Amino acid sequence: MRSAYDVHQVRAAEQLLLDRLPAGALMERAAAGLAATSAQLLGRVYGSRVLLLVGSGNNGGDALFAGALLARRGAVVHALLLADRAHGGGLAAFRRSGGRVVERAPAAVELVVDGILGIGGRGGLGDRATTALQEIPDEAWTVAVDLPSGVDASTGEVDGVAVTADVTVTFGALKPGLLVDPGAGHAGVVELVDIGLDLPTATTQVLLASDVAAMLPRAARESDKYRRGVVGVAAGSQQYTGAAVLCTGGALQGGAGMVRYVGDEAPAALVRQRWPEVVVGEGRVQAWAVGSGGGEDAADRLRRALADGVPVVLDADALPAYAEQSRPDVPVLLTPHAGELARLLGADRADVEARRLHHATHASRALGAVVLLKGSTTVLSHPDGRVRVNPTGTPALATAGSGDVLAGLCGA
């Protein structure tokens, strides 16, 4: 897994390092990484045209020092100062290397370096920065310094106008705002530059394919269907018969040794036809997947599943029913999309989509359950504060029924 750290953790680690290093050493490390990534994007540095968008803070200083390095290699580097002041040392180094400060963006630009706001920046971009972005050619590469300006580093929130980068060069540690939408959508490809930070144990981590592979249970040679696990599926209804087929299919394909289906006769007949290995009828199970397409019976199905004393995965119509229950003593996984989570919390859907990390963590604590907030970046939040992020979402999964399959997979 790759760990991510909020602003307070990063700043504390940076301060410890700053206290031990000579003045300017940390910024030089960051600038070297930023310049190296920029050079790779340009391909041929000599003669290339680079524009620095410079704010008043350290990100602006990083941009200026990196611009100085590129200018020494023959790039034509201009800096647009977007605040009343700029980093003194960075500006001096930039000018010594042949860089020029300009009043507006040149017409010809191949690469733009966004050093407007830092990890402590709040709100969107100001009018001057917004105007500067509008003047930049669409074909120019955009490289963000540490994070795209206008994105909240800790949450991924975007309040107003924000830079949309092709590449974000982040220093020392990943920040949650680079991993969770809407911030992740502004970050592009994220390159991590190690600057030597000594960081604590992270509560937010990014799942890699190797992590997921290691978590999947592997059947032993002597395994039977019961050792591989029996999943009960209570999904589908007369109106949503397909949900039963999809949810049971997800459980089967997820590796369950046996799947039991409990539901109405119409969806049960379709389950038998599509998945003849599924056992229709009640019996012993080791986990439940409840609610997908469940209709009016979802609350009753939920109560019966919770009474079994085994882990329960809840989707769709079972989610509001769970919110009205007393908290059970069994592990519960909720799998809402943004609209469903908004209804559970009495919040606005647009706000949930804008602050996905905040609402997922709040819901897991308030509801006493693990919350899997579906979306382009999946956020998995545990009541104890741990967060896992899956950044591999694709619009191909934005189809009716994909959530039903997911519930079955989670049950397995």
# chains A, B, ... in the order shown; residues from 1 in each chain; ligands from 1
$ select_by_dssp --residues "region 73-311 of chain A" --states "strand (DSSP E or B)" --output "ChimeraX atom specification"
/A:76-81,100-102,111-115,141-145,151,158,167-171,174,189-193,204-206,230-234,258-261,279-280,287-290
$ write_last_selection --atoms "N, CA and C atoms" --output "short mmCIF file (atom, residue, chain, number, x, y, z; two decimals), in the first residue's frame"
data_model
loop_
_atom_site.label_atom_id
_atom_site.label_comp_id
_atom_site.auth_asym_id
_atom_site.auth_seq_id
_atom_site.Cartn_x
_atom_site.Cartn_y
_atom_site.Cartn_z
N VAL A 76 13.84 28.43 -22.27
CA VAL A 76 13.38 29.82 -22.16
C VAL A 76 12.29 29.83 -21.11
N VAL A 77 12.60 30.39 -19.94
CA VAL A 77 11.70 30.28 -18.80
C VAL A 77 11.21 31.66 -18.40
N HIS A 78 9.89 31.82 -18.36
CA HIS A 78 9.25 33.05 -17.90
C HIS A 78 8.50 32.77 -16.61
N ALA A 79 8.41 33.78 -15.77
CA ALA A 79 7.67 33.66 -14.51
C ALA A 79 6.61 34.75 -14.44
N LEU A 80 5.40 34.33 -14.13
CA LEU A 80 4.30 35.26 -13.92
C LEU A 80 4.03 35.29 -12.42
N LEU A 81 4.34 36.42 -11.78
CA LEU A 81 4.18 36.54 -10.33
C LEU A 81 2.74 36.94 -10.03
N ARG A 100 13.12 35.23 -16.89
CA ARG A 100 12.51 36.56 -17.00
C ARG A 100 11.15 36.59 -16.33
N VAL A 101 10.90 37.67 -15.59
CA VAL A 101 9.59 37.92 -15.00
C VAL A 101 8.76 38.69 -16.02
N VAL A 102 7.53 38.23 -16.27
CA VAL A 102 6.66 38.85 -17.28
C VAL A 102 5.35 39.27 -16.63
N LEU A 111 5.24 24.18 -21.55
CA LEU A 111 5.02 23.59 -20.23
C LEU A 111 4.76 24.68 -19.21
N VAL A 112 3.75 24.47 -18.39
CA VAL A 112 3.37 25.40 -17.33
C VAL A 112 3.61 24.73 -15.99
N VAL A 113 4.24 25.45 -15.08
CA VAL A 113 4.46 24.96 -13.72
C VAL A 113 3.55 25.73 -12.78
N ASP A 114 2.64 25.02 -12.13
CA ASP A 114 1.68 25.62 -11.20
C ASP A 114 2.27 25.67 -9.80
N GLY A 115 2.75 26.85 -9.42
CA GLY A 115 3.25 27.07 -8.06
C GLY A 115 2.47 28.17 -7.37
N TRP A 141 1.77 21.30 -21.56
CA TRP A 141 1.76 20.45 -20.37
C TRP A 141 1.57 21.33 -19.14
N THR A 142 0.84 20.82 -18.14
CA THR A 142 0.72 21.52 -16.86
C THR A 142 1.23 20.61 -15.76
N VAL A 143 2.22 21.11 -15.02
CA VAL A 143 2.80 20.37 -13.90
C VAL A 143 2.49 21.12 -12.62
N ALA A 144 1.82 20.46 -11.68
CA ALA A 144 1.49 21.08 -10.40
C ALA A 144 2.59 20.81 -9.39
N VAL A 145 2.90 21.83 -8.59
CA VAL A 145 3.90 21.72 -7.54
C VAL A 145 3.21 21.24 -6.26
N VAL A 151 -7.01 22.80 -4.85
CA VAL A 151 -7.43 21.51 -4.30
C VAL A 151 -7.02 21.44 -2.84
N VAL A 158 -12.66 20.83 -3.81
CA VAL A 158 -12.35 21.91 -4.74
C VAL A 158 -13.41 22.98 -4.56
N VAL A 167 0.40 16.37 -14.70
CA VAL A 167 1.24 15.67 -13.73
C VAL A 167 1.32 16.51 -12.47
N THR A 168 1.23 15.86 -11.33
CA THR A 168 1.48 16.52 -10.05
C THR A 168 2.73 15.92 -9.44
N VAL A 169 3.70 16.77 -9.15
CA VAL A 169 4.93 16.34 -8.47
C VAL A 169 4.76 16.68 -7.00
N THR A 170 4.53 15.67 -6.18
CA THR A 170 4.29 15.91 -4.76
C THR A 170 5.51 15.49 -3.97
N PHE A 171 5.76 16.18 -2.87
CA PHE A 171 7.03 16.04 -2.16
C PHE A 171 6.85 15.36 -0.81
N LEU A 174 2.41 11.31 -0.19
CA LEU A 174 1.14 11.51 -0.86
C LEU A 174 0.18 12.22 0.08
N VAL A 189 -1.38 12.47 -13.40
CA VAL A 189 -0.44 11.45 -12.91
C VAL A 189 0.32 12.03 -11.72
N VAL A 190 0.37 11.29 -10.63
CA VAL A 190 1.04 11.78 -9.42
C VAL A 190 2.42 11.16 -9.30
N GLU A 191 3.45 12.00 -9.27
CA GLU A 191 4.83 11.57 -9.09
C GLU A 191 5.28 11.97 -7.68
N LEU A 192 5.75 11.00 -6.91
CA LEU A 192 6.20 11.26 -5.54
C LEU A 192 7.71 11.42 -5.51
N VAL A 193 8.18 12.55 -4.99
CA VAL A 193 9.61 12.81 -4.83
C VAL A 193 9.97 12.65 -3.36
N THR A 204 -4.60 6.78 6.26
CA THR A 204 -5.14 6.71 4.91
C THR A 204 -4.12 6.04 4.00
N GLN A 205 -4.56 5.00 3.31
CA GLN A 205 -3.66 4.26 2.44
C GLN A 205 -4.32 3.97 1.10
N VAL A 206 -3.50 3.89 0.07
CA VAL A 206 -3.97 3.61 -1.28
C VAL A 206 -3.73 2.14 -1.59
N VAL A 230 -19.70 -19.93 2.78
CA VAL A 230 -21.07 -19.96 2.27
C VAL A 230 -21.65 -18.56 2.41
N VAL A 231 -22.06 -17.98 1.30
CA VAL A 231 -22.63 -16.64 1.28
C VAL A 231 -24.13 -16.73 1.06
N GLY A 232 -24.88 -16.06 1.90
CA GLY A 232 -26.31 -15.94 1.70
C GLY A 232 -26.62 -14.65 0.96
N VAL A 233 -27.46 -14.72 -0.05
CA VAL A 233 -27.84 -13.54 -0.83
C VAL A 233 -29.34 -13.33 -0.68
N ALA A 234 -29.70 -12.17 -0.16
CA ALA A 234 -31.11 -11.77 -0.07
C ALA A 234 -31.26 -10.51 -0.91
N MET A 258 -19.99 -21.74 -1.77
CA MET A 258 -21.41 -22.04 -1.96
C MET A 258 -22.19 -20.75 -1.77
N VAL A 259 -23.23 -20.58 -2.55
CA VAL A 259 -24.10 -19.41 -2.43
C VAL A 259 -25.53 -19.89 -2.24
N ARG A 260 -26.17 -19.37 -1.21
CA ARG A 260 -27.60 -19.62 -0.98
C ARG A 260 -28.38 -18.37 -1.37
N TYR A 261 -29.47 -18.57 -2.08
CA TYR A 261 -30.33 -17.45 -2.43
C TYR A 261 -31.64 -17.56 -1.69
N VAL A 279 -27.85 -22.63 -4.37
CA VAL A 279 -28.89 -23.33 -3.61
C VAL A 279 -29.96 -22.32 -3.23
N VAL A 280 -31.18 -22.56 -3.65
CA VAL A 280 -32.28 -21.66 -3.34
C VAL A 280 -32.97 -22.16 -2.08
N ALA A 287 -21.84 -15.46 5.80
CA ALA A 287 -21.94 -14.02 5.53
C ALA A 287 -23.19 -13.78 4.70
N TRP A 288 -23.70 -12.56 4.78
CA TRP A 288 -24.89 -12.20 4.01
C TRP A 288 -24.60 -11.00 3.11
N ALA A 289 -25.21 -10.99 1.93
CA ALA A 289 -25.28 -9.81 1.07
C ALA A 289 -26.76 -9.49 0.91
N VAL A 290 -27.16 -8.32 1.39
CA VAL A 290 -28.59 -8.01 1.51
C VAL A 290 -28.90 -6.65 0.88
#
$ select_by_dssp --residues "region 113-290 of chain A" --states "alpha helix (DSSP H)" --output "PyMOL selection string"
chain A and resi 127-134+183-187+209-215+225-228+241-253+265-274
$ write_last_selection --atoms "C-alpha atoms" --output "PDB file, in the first residue's frame"
ATOM      1  CA  ASP A 127      -9.166  36.400 -10.483  1.00  0.00           C
ATOM      2  CA  ARG A 128      -5.603  37.066 -11.628  1.00  0.00           C
ATOM      3  CA  ALA A 129      -4.601  33.413 -11.499  1.00  0.00           C
ATOM      4  CA  THR A 130      -7.823  32.379 -13.224  1.00  0.00           C
ATOM      5  CA  THR A 131      -7.181  34.860 -16.024  1.00  0.00           C
ATOM      6  CA  ALA A 132      -3.612  33.608 -16.428  1.00  0.00           C
ATOM      7  CA  LEU A 133      -4.820  30.014 -16.772  1.00  0.00           C
ATOM      8  CA  GLN A 134      -7.303  31.037 -19.452  1.00  0.00           C
ATOM      9  CA  GLY A 183      -9.147  16.488  -6.269  1.00  0.00           C
ATOM     10  CA  ALA A 184      -7.827  13.352  -7.952  1.00  0.00           C
ATOM     11  CA  GLY A 185      -9.425  14.466 -11.200  1.00  0.00           C
ATOM     12  CA  HIS A 186      -7.306  17.631 -11.103  1.00  0.00           C
ATOM     13  CA  ALA A 187      -4.033  15.908 -10.204  1.00  0.00           C
ATOM     14  CA  ALA A 209      -3.187  -4.416  -7.201  1.00  0.00           C
ATOM     15  CA  SER A 210      -0.610  -6.412  -5.245  1.00  0.00           C
ATOM     16  CA  ASP A 211      -2.328  -5.510  -1.958  1.00  0.00           C
ATOM     17  CA  VAL A 212      -5.683  -6.754  -3.195  1.00  0.00           C
ATOM     18  CA  ALA A 213      -4.127  -9.949  -4.532  1.00  0.00           C
ATOM     19  CA  ALA A 214      -2.549 -10.619  -1.135  1.00  0.00           C
ATOM     20  CA  MET A 215      -5.889 -10.100   0.640  1.00  0.00           C
ATOM     21  CA  LYS A 225     -17.266 -25.667  -0.139  1.00  0.00           C
ATOM     22  CA  TYR A 226     -17.848 -24.887   3.531  1.00  0.00           C
ATOM     23  CA  ARG A 227     -14.228 -23.996   4.186  1.00  0.00           C
ATOM     24  CA  ARG A 228     -14.285 -21.688   1.188  1.00  0.00           C
ATOM     25  CA  THR A 241     -35.400  -9.522 -10.696  1.00  0.00           C
ATOM     26  CA  GLY A 242     -32.006  -9.008 -12.318  1.00  0.00           C
ATOM     27  CA  ALA A 243     -30.455  -7.790  -9.061  1.00  0.00           C
ATOM     28  CA  ALA A 244     -30.734 -11.312  -7.661  1.00  0.00           C
ATOM     29  CA  VAL A 245     -28.904 -12.794 -10.653  1.00  0.00           C
ATOM     30  CA  LEU A 246     -26.158 -10.173 -10.529  1.00  0.00           C
ATOM     31  CA  CYS A 247     -25.604 -10.315  -6.776  1.00  0.00           C
ATOM     32  CA  THR A 248     -25.438 -14.115  -6.652  1.00  0.00           C
ATOM     33  CA  GLY A 249     -23.108 -14.051  -9.645  1.00  0.00           C
ATOM     34  CA  GLY A 250     -20.822 -11.626  -7.840  1.00  0.00           C
ATOM     35  CA  ALA A 251     -20.646 -13.939  -4.829  1.00  0.00           C
ATOM     36  CA  LEU A 252     -19.885 -16.953  -7.010  1.00  0.00           C
ATOM     37  CA  GLN A 253     -17.228 -15.190  -9.046  1.00  0.00           C
ATOM     38  CA  GLU A 265     -40.008 -16.902  -6.638  1.00  0.00           C
ATOM     39  CA  ALA A 266     -39.629 -14.818  -9.813  1.00  0.00           C
ATOM     40  CA  PRO A 267     -36.000 -13.792  -9.165  1.00  0.00           C
ATOM     41  CA  ALA A 268     -35.288 -17.247  -7.694  1.00  0.00           C
ATOM     42  CA  ALA A 269     -36.299 -18.845 -10.995  1.00  0.00           C
ATOM     43  CA  LEU A 270     -33.892 -16.594 -12.880  1.00  0.00           C
ATOM     44  CA  VAL A 271     -31.101 -17.381 -10.422  1.00  0.00           C
ATOM     45  CA  ARG A 272     -31.641 -21.127 -10.928  1.00  0.00           C
ATOM     46  CA  GLN A 273     -31.551 -20.660 -14.684  1.00  0.00           C
ATOM     47  CA  ARG A 274     -28.387 -18.535 -14.768  1.00  0.00           C
TER      48      ARG A 274
END
$ closest_residue --among "A:Arg218, A:Arg96, A:Arg122, A:Arg49" --to "Glu157 (chain A)" --atoms "only C-alpha atoms"
A:Arg122
$ atom_distance --atom1 "CA of Asp264 (chain A)" --atom2 "CA of Ala407 (chain A)"
18.5 Å
$ closest_residue --among "A:Leu197, A:Ala256, A:Val7, A:Leu69" --to "Gly120 (chain A)" --atoms "only C-alpha atoms"
A:Val7
$ residues_around --residues "region 327-333 of chain A" --least-positions-apart "3" --cutoff "8 Å" --atoms "only C-alpha atoms" --output "ChimeraX atom specification"
/A:306,309-314,367-372
$ write_last_selection --atoms "N, CA and C atoms" --output "tab-separated table (two decimals), in the first residue's frame"
chain	number	residue	atom	x	y	z
A	306	LEU	N	-29.21	-10.04	10.21
A	306	LEU	CA	-28.48	-9.62	11.41
A	306	LEU	C	-28.67	-10.61	12.55
A	309	GLY	N	-26.00	-13.49	13.20
A	309	GLY	CA	-24.74	-13.28	13.89
A	309	GLY	C	-23.50	-13.44	13.03
A	310	VAL	N	-23.62	-13.21	11.72
A	310	VAL	CA	-22.48	-13.31	10.80
A	310	VAL	C	-22.28	-11.96	10.12
A	311	PRO	N	-21.12	-11.72	9.49
A	311	PRO	CA	-20.91	-10.46	8.78
A	311	PRO	C	-21.97	-10.22	7.71
A	312	VAL	N	-22.33	-8.94	7.54
A	312	VAL	CA	-23.41	-8.58	6.63
A	312	VAL	C	-22.95	-7.43	5.72
A	313	VAL	N	-23.20	-7.59	4.43
A	313	VAL	CA	-22.97	-6.53	3.44
A	313	VAL	C	-24.33	-5.97	3.06
A	314	LEU	N	-24.47	-4.65	3.11
A	314	LEU	CA	-25.76	-4.02	2.85
A	314	LEU	C	-25.66	-3.07	1.66
A	367	LEU	N	-22.52	5.59	11.99
A	367	LEU	CA	-23.33	4.39	11.79
A	367	LEU	C	-22.70	3.13	12.37
A	368	GLY	N	-21.48	3.25	12.86
A	368	GLY	CA	-20.82	2.09	13.47
A	368	GLY	C	-20.58	0.96	12.50
A	369	ALA	N	-20.27	1.29	11.26
A	369	ALA	CA	-20.07	0.28	10.22
A	369	ALA	C	-18.96	0.73	9.28
A	370	VAL	N	-18.38	-0.22	8.58
A	370	VAL	CA	-17.44	0.12	7.52
A	370	VAL	C	-18.26	0.64	6.33
A	371	VAL	N	-17.84	1.78	5.79
A	371	VAL	CA	-18.55	2.39	4.67
A	371	VAL	C	-17.69	2.33	3.42
A	372	LEU	N	-18.24	1.74	2.37
A	372	LEU	CA	-17.60	1.71	1.06
A	372	LEU	C	-18.37	2.67	0.17
$ atom_distance --atom1 "CA of Ala25 (chain A)" --atom2 "CA of Thr164 (chain A)"
28.8 Å
$ closest_residue --among "A:Leu216, A:Val50, A:Leu91, A:Ala323" --to "Ala71 (chain A)" --atoms "only C-alpha atoms"
A:Val50
$ atom_distance --atom1 "CA of Gly403 (chain A)" --atom2 "CA of Ala235 (chain A)"
11.8 Å
$ residues_around --residues "Glu340 (chain A)" --least-positions-apart "4" --cutoff "8 Å" --atoms "only C-alpha atoms" --output "number ranges by chain"
A: 316, 319, 336, 344
$ write_last_selection --atoms "C-alpha atoms" --output "mmCIF file, in the first residue's frame"
data_model
loop_
_atom_site.group_PDB
_atom_site.id
_atom_site.type_symbol
_atom_site.label_atom_id
_atom_site.label_comp_id
_atom_site.auth_asym_id
_atom_site.auth_seq_id
_atom_site.Cartn_x
_atom_site.Cartn_y
_atom_site.Cartn_z
ATOM 1 C CA ALA A 316 -29.486 -0.213 -1.857
ATOM 2 C CA LEU A 319 -29.202 0.953 3.749
ATOM 3 C CA PRO A 336 -23.727 3.329 -0.834
ATOM 4 C CA LEU A 344 -28.468 8.337 5.159
#
$ residues_around --residues "Leu17 (chain A)" --least-positions-apart "6" --cutoff "12 Å" --atoms "only C-alpha atoms" --output "PyMOL selection string"
chain A and resi 10-11+23-27+172+195-199
$ closest_residue --among "A:Ala412, A:Ala173, A:Ala350, A:Ala66" --to "Ile119 (chain A)" --atoms "only C-alpha atoms"
A:Ala173
$ residues_around --residues "Gly150 (chain A)" --least-positions-apart "2" --cutoff "10 Å" --atoms "only C-alpha atoms" --output "NGL selection string"
:A and (116-119 or 121-126 or 147-148 or 152-153 or 156-164 or 183 or 186)
$ write_last_selection --atoms "C-alpha atoms" --output "PDB file, in the first residue's frame"
ATOM      1  CA  ILE A 116       0.347  29.320  -7.103  1.00  0.00           C
ATOM      2  CA  LEU A 117      -0.981  27.811  -3.859  1.00  0.00           C
ATOM      3  CA  GLY A 118       0.491  25.338  -1.382  1.00  0.00           C
ATOM      4  CA  ILE A 119      -0.903  22.606   0.843  1.00  0.00           C
ATOM      5  CA  GLY A 121      -4.168  27.072   0.493  1.00  0.00           C
ATOM      6  CA  ARG A 122      -7.899  27.558   1.035  1.00  0.00           C
ATOM      7  CA  GLY A 123     -10.577  28.306  -1.514  1.00  0.00           C
ATOM      8  CA  GLY A 124     -10.256  28.503  -5.254  1.00  0.00           C
ATOM      9  CA  LEU A 125      -7.954  30.609  -7.366  1.00  0.00           C
ATOM     10  CA  GLY A 126      -8.158  34.382  -7.444  1.00  0.00           C
ATOM     11  CA  LEU A 147      -0.763  19.594  -5.504  1.00  0.00           C
ATOM     12  CA  PRO A 148      -2.926  21.458  -8.026  1.00  0.00           C
ATOM     13  CA  ASP A 152      -7.609  20.827  -0.563  1.00  0.00           C
ATOM     14  CA  ALA A 153      -4.608  18.637   0.239  1.00  0.00           C
ATOM     15  CA  GLY A 156      -9.651  16.563  -2.169  1.00  0.00           C
ATOM     16  CA  GLU A 157     -12.291  19.281  -1.994  1.00  0.00           C
ATOM     17  CA  VAL A 158     -12.350  21.910  -4.735  1.00  0.00           C
ATOM     18  CA  ASP A 159     -13.920  25.242  -3.820  1.00  0.00           C
ATOM     19  CA  GLY A 160     -14.127  27.386  -6.922  1.00  0.00           C
ATOM     20  CA  VAL A 161     -11.599  27.342  -9.755  1.00  0.00           C
ATOM     21  CA  ALA A 162      -8.681  24.901  -9.498  1.00  0.00           C
ATOM     22  CA  VAL A 163      -5.766  23.976 -11.738  1.00  0.00           C
ATOM     23  CA  THR A 164      -6.147  20.777 -13.749  1.00  0.00           C
ATOM     24  CA  GLY A 183      -9.147  16.488  -6.269  1.00  0.00           C
ATOM     25  CA  HIS A 186      -7.306  17.631 -11.103  1.00  0.00           C
TER      26      HIS A 186
END
$ residues_around --residues "Ile136 (chain A)" --least-positions-apart "3" --cutoff "9 Å" --atoms "only C-alpha atoms" --output "number ranges by chain"
A: 105-109, 112, 132-133, 139-140
